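Engineer: Take a look at this one; I'll ask things after.
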Amino acid sequence: MALGRLQTLRNLRNIYKTVEIQELSTLLARSRSNSKSISNVSHITLRCISSCIYKDHGGIPWTSGDKIMLHSTTTQEPISYGYMRSVTTKAKAPAQARQMGAVKVSMLSPGIIYEPYVPREKIPFWKRYFTRNGWKRTKEDLTSELKNAYAIAKLRKTGYSKKQFYTEAVSIYKEINTQMANGGKGTLRKLVTEHMYSALKNEIKQRESVWPTVYWELIEPIVKVRTLRARLIGVDRNDLSKVFIQLTLEFLAKQKFEAYDGKGAVVSGDRNKEVLVRDIWVFEKSLFHPGAYWRLCGRIKV
C-alpha cells in the first residue's frame with residue numbers, strides 16, 4: 001500500500017516537472033518574440049526633416065502670401081511614452097568631417113512641432129455629455145490638458161517661472177519682428193531653431209524683393225500673452241530625462257507697420273495707425289543641454 005502511494009507521488013512529480021518545463025519554454029519563446037518586436041521598434045528613426053508650407057497670414061505683418069512653417073516628413077511615427085514623445089534622429093556628417101574620423105553628432109533641436117495647436121470650436125453641454133462624439137471630444141480635451149500639466153510640472157523642476165518666461169517670450173517676439181523688418185539675419189540665428197532660421201531667411205529675401213524697406217513698431221505693454229499648449233519631446237529612449245519642451249503662446253499686440261518701395265515711397269501700411277495683431281508662436285527649450293535657452297521653433301496659422 002505504502003509502495004503504491006510512493007509510486008503515485010513520483011508519477012505526479014514527473015508530470016508536474018514536464019508541465020513546468022513546457023510552460024517555461026512557452027514563456028521563453030514569447031520573451032524572444034517580444035524582444036524582437038521591441039528591437040524592431042527601437043530602430044524607428046526620424047528622417048528627412050524638411051519644411052512645409054502653412055498659410056500664416058497673421059505671423060509677421062509685412063510678409064504677404066503663404067508663410068514657410070516648420071514641419072517634418074517621417075518614414076515612421078516617433079514613439080510616444082505616455083505624455084512624452086520620443087524622437088531619434090539619423091544624421092550624416094559632412095564628407096570633410098567623415099574623413100577626419102568618427103564624429104559625434106548632437107541634436108540641437110528635434111526639428112518638429114509636436115502636436116501643433118489647433119483651435120477647437122465650443123460644443124453645447126448636451127452634445128458633449130449625451131452623444132458619442134461629445135464623449136470622444138471630452139476624452140481628447142482631458143488628455144490634452146493632462147499632457148499640458150505633465151509638461152509644465154516637468155518644466156517647473158528646472159526653476160520655471162511663468163512671469164519670467166512671458167517677459168522673455170515678449171522680448172524674443174519683439175526682437176524677431178524687429179530683425180525681420182531690418183533684415184538682420186545674423187541676430188536671428190540666436191533667437192530661432194536651425195530650421196526656423198532657414199525659413200525666416202527665405203521670408204526676408206521674398207519681402208525685400210517686393211518691399212526693400214519696412215517700418216515696424218511694437219506698442220508696449222503687449223495686450224495679452226497666454227499659454228495654449230505644452231508638450232515634451234524625448235530624444236533618448238534609454239534616458240527619459242533627455243527631453244525638449246515646447247510651449248505654444250498666443251500674442252495679442254498692437255503694432256505699427258509701413259512698407260516702402262525702392263524710391264522710398266509708401267506702398268503699404270501706415271506708421272501712424274495702430275493695428276491689433278494676433279500671433280501664435282511655438283517656443284522650444286532643451287531641458288538637458290547646459291546653458292539652453294528659449295528659441296522660436298515655429299508659428300501656427302491664426
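Convention: chains lettered A, B, ... in C-alpha cells order; per-chain residue numbering from 1; ligands numbered from 1 as shown.
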Show which residues sit within 7 Å of Ala253 of chain A, as a list in words. Count only C-alpha atoms, and ignore same-chain residues fewer than 6 positions away.
Structural biologist: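 Once the nearby chain positions are removed, what remains is Ile222, Val223, Lys224, Leu276, Val277 and Arg278 of chain A.
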Engineer: Using only C-alpha atoms, find the one residue out of A:Asp270, A:Glu284, A:Asp141, A:Glu115 that sits nearest to Tyr215 of chain A.
Structural biologist: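 Counting only C-alpha atoms, the residue closest to Tyr215 of chain A is A:Asp270.
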Engineer: Step one, run DSSP on the backbone; step two, keep only residues of segment 108-176 of chain A assigned to alpha helix (DSSP H); then write them as an MDAnalysis selection string.
Structural biologist: chainID A and resid 125:130 132:156 162:176
Engineer: Go ahead and dump the residues you just picked, N, CA and C atoms, as a compact mmCIF listing (two decimals), in the first residue's frame.
Structural biologist:
```txt
# COMPACT_ATOMS: atom_id res chain seq x y z
N PHE A 125 -23.40 71.77 -24.11
CA PHE A 125 -23.33 70.84 -22.98
C PHE A 125 -23.98 69.50 -23.32
N TRP A 126 -25.19 69.57 -23.89
CA TRP A 126 -25.92 68.33 -24.18
C TRP A 126 -25.18 67.46 -25.18
N LYS A 127 -24.53 68.10 -26.15
CA LYS A 127 -23.80 67.34 -27.17
C LYS A 127 -22.53 66.73 -26.59
N ARG A 128 -21.89 67.44 -25.66
CA ARG A 128 -20.65 66.95 -25.07
C ARG A 128 -20.88 65.71 -24.21
N TYR A 129 -21.97 65.68 -23.46
CA TYR A 129 -22.16 64.61 -22.48
C TYR A 129 -23.24 63.59 -22.85
N PHE A 130 -23.97 63.81 -23.96
CA PHE A 130 -25.05 62.89 -24.29
C PHE A 130 -24.94 62.34 -25.72
N ARG A 132 -22.04 60.30 -28.58
CA ARG A 132 -20.78 59.56 -28.67
C ARG A 132 -19.63 60.48 -29.08
N ASN A 133 -19.87 61.34 -30.06
CA ASN A 133 -18.84 62.29 -30.49
C ASN A 133 -18.48 63.27 -29.38
N GLY A 134 -19.48 63.62 -28.57
CA GLY A 134 -19.22 64.51 -27.44
C GLY A 134 -18.31 63.88 -26.41
N TRP A 135 -18.54 62.60 -26.11
CA TRP A 135 -17.69 61.90 -25.15
C TRP A 135 -16.28 61.74 -25.70
N LYS A 136 -16.18 61.50 -27.01
CA LYS A 136 -14.86 61.39 -27.64
C LYS A 136 -14.11 62.71 -27.54
N ARG A 137 -14.82 63.80 -27.79
CA ARG A 137 -14.20 65.12 -27.70
C ARG A 137 -13.78 65.42 -26.26
N THR A 138 -14.61 65.06 -25.30
CA THR A 138 -14.27 65.27 -23.89
C THR A 138 -13.01 64.51 -23.50
N LYS A 139 -12.90 63.28 -23.98
CA LYS A 139 -11.72 62.46 -23.70
C LYS A 139 -10.47 63.10 -24.30
N GLU A 140 -10.57 63.59 -25.53
CA GLU A 140 -9.43 64.23 -26.19
C GLU A 140 -9.01 65.50 -25.45
N ASP A 141 -9.98 66.29 -25.03
CA ASP A 141 -9.67 67.53 -24.31
C ASP A 141 -9.00 67.22 -22.97
N LEU A 142 -9.50 66.20 -22.28
CA LEU A 142 -8.92 65.83 -20.99
C LEU A 142 -7.49 65.33 -21.16
N THR A 143 -7.26 64.52 -22.19
CA THR A 143 -5.91 64.01 -22.46
C THR A 143 -4.95 65.15 -22.76
N SER A 144 -5.40 66.11 -23.54
CA SER A 144 -4.57 67.27 -23.88
C SER A 144 -4.21 68.07 -22.64
N GLU A 145 -5.17 68.27 -21.75
CA GLU A 145 -4.90 69.02 -20.52
C GLU A 145 -3.93 68.28 -19.61
N LEU A 146 -4.04 66.96 -19.58
CA LEU A 146 -3.11 66.17 -18.77
C LEU A 146 -1.69 66.28 -19.32
N LYS A 147 -1.55 66.28 -20.65
CA LYS A 147 -0.24 66.45 -21.26
C LYS A 147 0.34 67.83 -20.93
N ASN A 148 -0.53 68.86 -20.96
CA ASN A 148 -0.08 70.20 -20.60
C ASN A 148 0.45 70.24 -19.16
N ALA A 149 -0.34 69.65 -18.26
CA ALA A 149 0.02 69.67 -16.84
C ALA A 149 1.32 68.91 -16.60
N TYR A 150 1.48 67.77 -17.28
CA TYR A 150 2.70 66.97 -17.10
C TYR A 150 3.93 67.73 -17.58
N ALA A 151 3.82 68.38 -18.74
CA ALA A 151 4.95 69.12 -19.29
C ALA A 151 5.32 70.30 -18.40
N ILE A 152 4.33 71.04 -17.93
CA ILE A 152 4.60 72.19 -17.06
C ILE A 152 5.22 71.74 -15.74
N ALA A 153 4.71 70.62 -15.20
CA ALA A 153 5.28 70.10 -13.95
C ALA A 153 6.74 69.72 -14.13
N LYS A 154 7.07 69.12 -15.27
CA LYS A 154 8.46 68.77 -15.58
C LYS A 154 9.30 70.04 -15.71
N LEU A 155 8.75 71.06 -16.33
CA LEU A 155 9.47 72.31 -16.54
C LEU A 155 9.72 73.04 -15.22
N ARG A 156 8.76 72.99 -14.32
CA ARG A 156 8.90 73.69 -13.04
C ARG A 156 10.05 73.14 -12.19
N LYS A 162 6.51 81.40 -14.73
CA LYS A 162 5.61 81.83 -15.81
C LYS A 162 5.80 83.30 -16.14
N LYS A 163 5.90 84.14 -15.12
CA LYS A 163 6.07 85.57 -15.34
C LYS A 163 7.39 85.87 -16.04
N GLN A 164 8.44 85.23 -15.60
CA GLN A 164 9.76 85.44 -16.21
C GLN A 164 9.78 84.94 -17.65
N PHE A 165 9.16 83.79 -17.89
CA PHE A 165 9.13 83.26 -19.25
C PHE A 165 8.35 84.18 -20.19
N TYR A 166 7.21 84.69 -19.73
CA TYR A 166 6.42 85.59 -20.57
C TYR A 166 7.21 86.85 -20.93
N THR A 167 7.96 87.35 -19.96
CA THR A 167 8.80 88.53 -20.23
C THR A 167 9.84 88.21 -21.29
N GLU A 168 10.47 87.04 -21.17
CA GLU A 168 11.48 86.64 -22.15
C GLU A 168 10.85 86.38 -23.51
N ALA A 169 9.66 85.76 -23.53
CA ALA A 169 8.99 85.46 -24.79
C ALA A 169 8.60 86.73 -25.53
N VAL A 170 8.10 87.73 -24.81
CA VAL A 170 7.74 89.00 -25.44
C VAL A 170 8.99 89.68 -26.00
N SER A 171 10.10 89.58 -25.28
CA SER A 171 11.35 90.16 -25.74
C SER A 171 11.81 89.49 -27.04
N ILE A 172 11.69 88.16 -27.09
CA ILE A 172 12.07 87.42 -28.31
C ILE A 172 11.12 87.78 -29.45
N TYR A 173 9.85 87.87 -29.15
CA TYR A 173 8.83 88.23 -30.15
C TYR A 173 9.14 89.60 -30.77
N LYS A 174 9.46 90.55 -29.92
CA LYS A 174 9.79 91.91 -30.40
C LYS A 174 11.08 91.91 -31.22
N GLU A 175 12.10 91.21 -30.73
CA GLU A 175 13.40 91.22 -31.40
C GLU A 175 13.33 90.54 -32.77
N ILE A 176 12.61 89.43 -32.86
CA ILE A 176 12.50 88.73 -34.14
C ILE A 176 11.78 89.59 -35.16
```
Engineer: Looking only at the backbone, which of the residues in segment 184-261 of chain A does DSSP tag as strand (DSSP E), as a ChimeraX atom specification?
Structural biologist: /A:213-234,243-260
Engineer: What's the 9 Å shell around segment 255-264 of chain A, counting only C-alpha atoms, without same-chain residues fewer than 2 positions away, as a PyMOL selection string?
Structural biologist: chain A and resi 61-62+210-220+253+266-277
Engineer: Which distance in Å separates atom CA of Ile123 of chain A and atom CA of Gly298 of chain A, to one decimal?
Structural biologist: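 For atom CA of Ile123 of chain A relative to atom CA of Gly298 of chain A, the distance reads 28.7 Å.
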Engineer: Using only C-alpha atoms, which residue out of A:Trp294, A:Ser161, A:Ile204, A:Lys301 lies closest to Thr178 of chain A?
Structural biologist: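 Closest residue, counting only C-alpha atoms: A:Ile204.
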Engineer: Pick out the closest residue to Cys297 of chain A from this set: A:Leu252, A:Leu247, A:Val192, A:Ile233. Count only C-alpha atoms.
Structural biologist: A:Val192
Engineer: Could you check which of A:Phe251, A:Gly186, A:Phe244, A:Gly111 is closest to His289 of chain A, using only C-alpha atoms?
Structural biologist: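 So, comparing all the options, the nearest one is A:Phe244.
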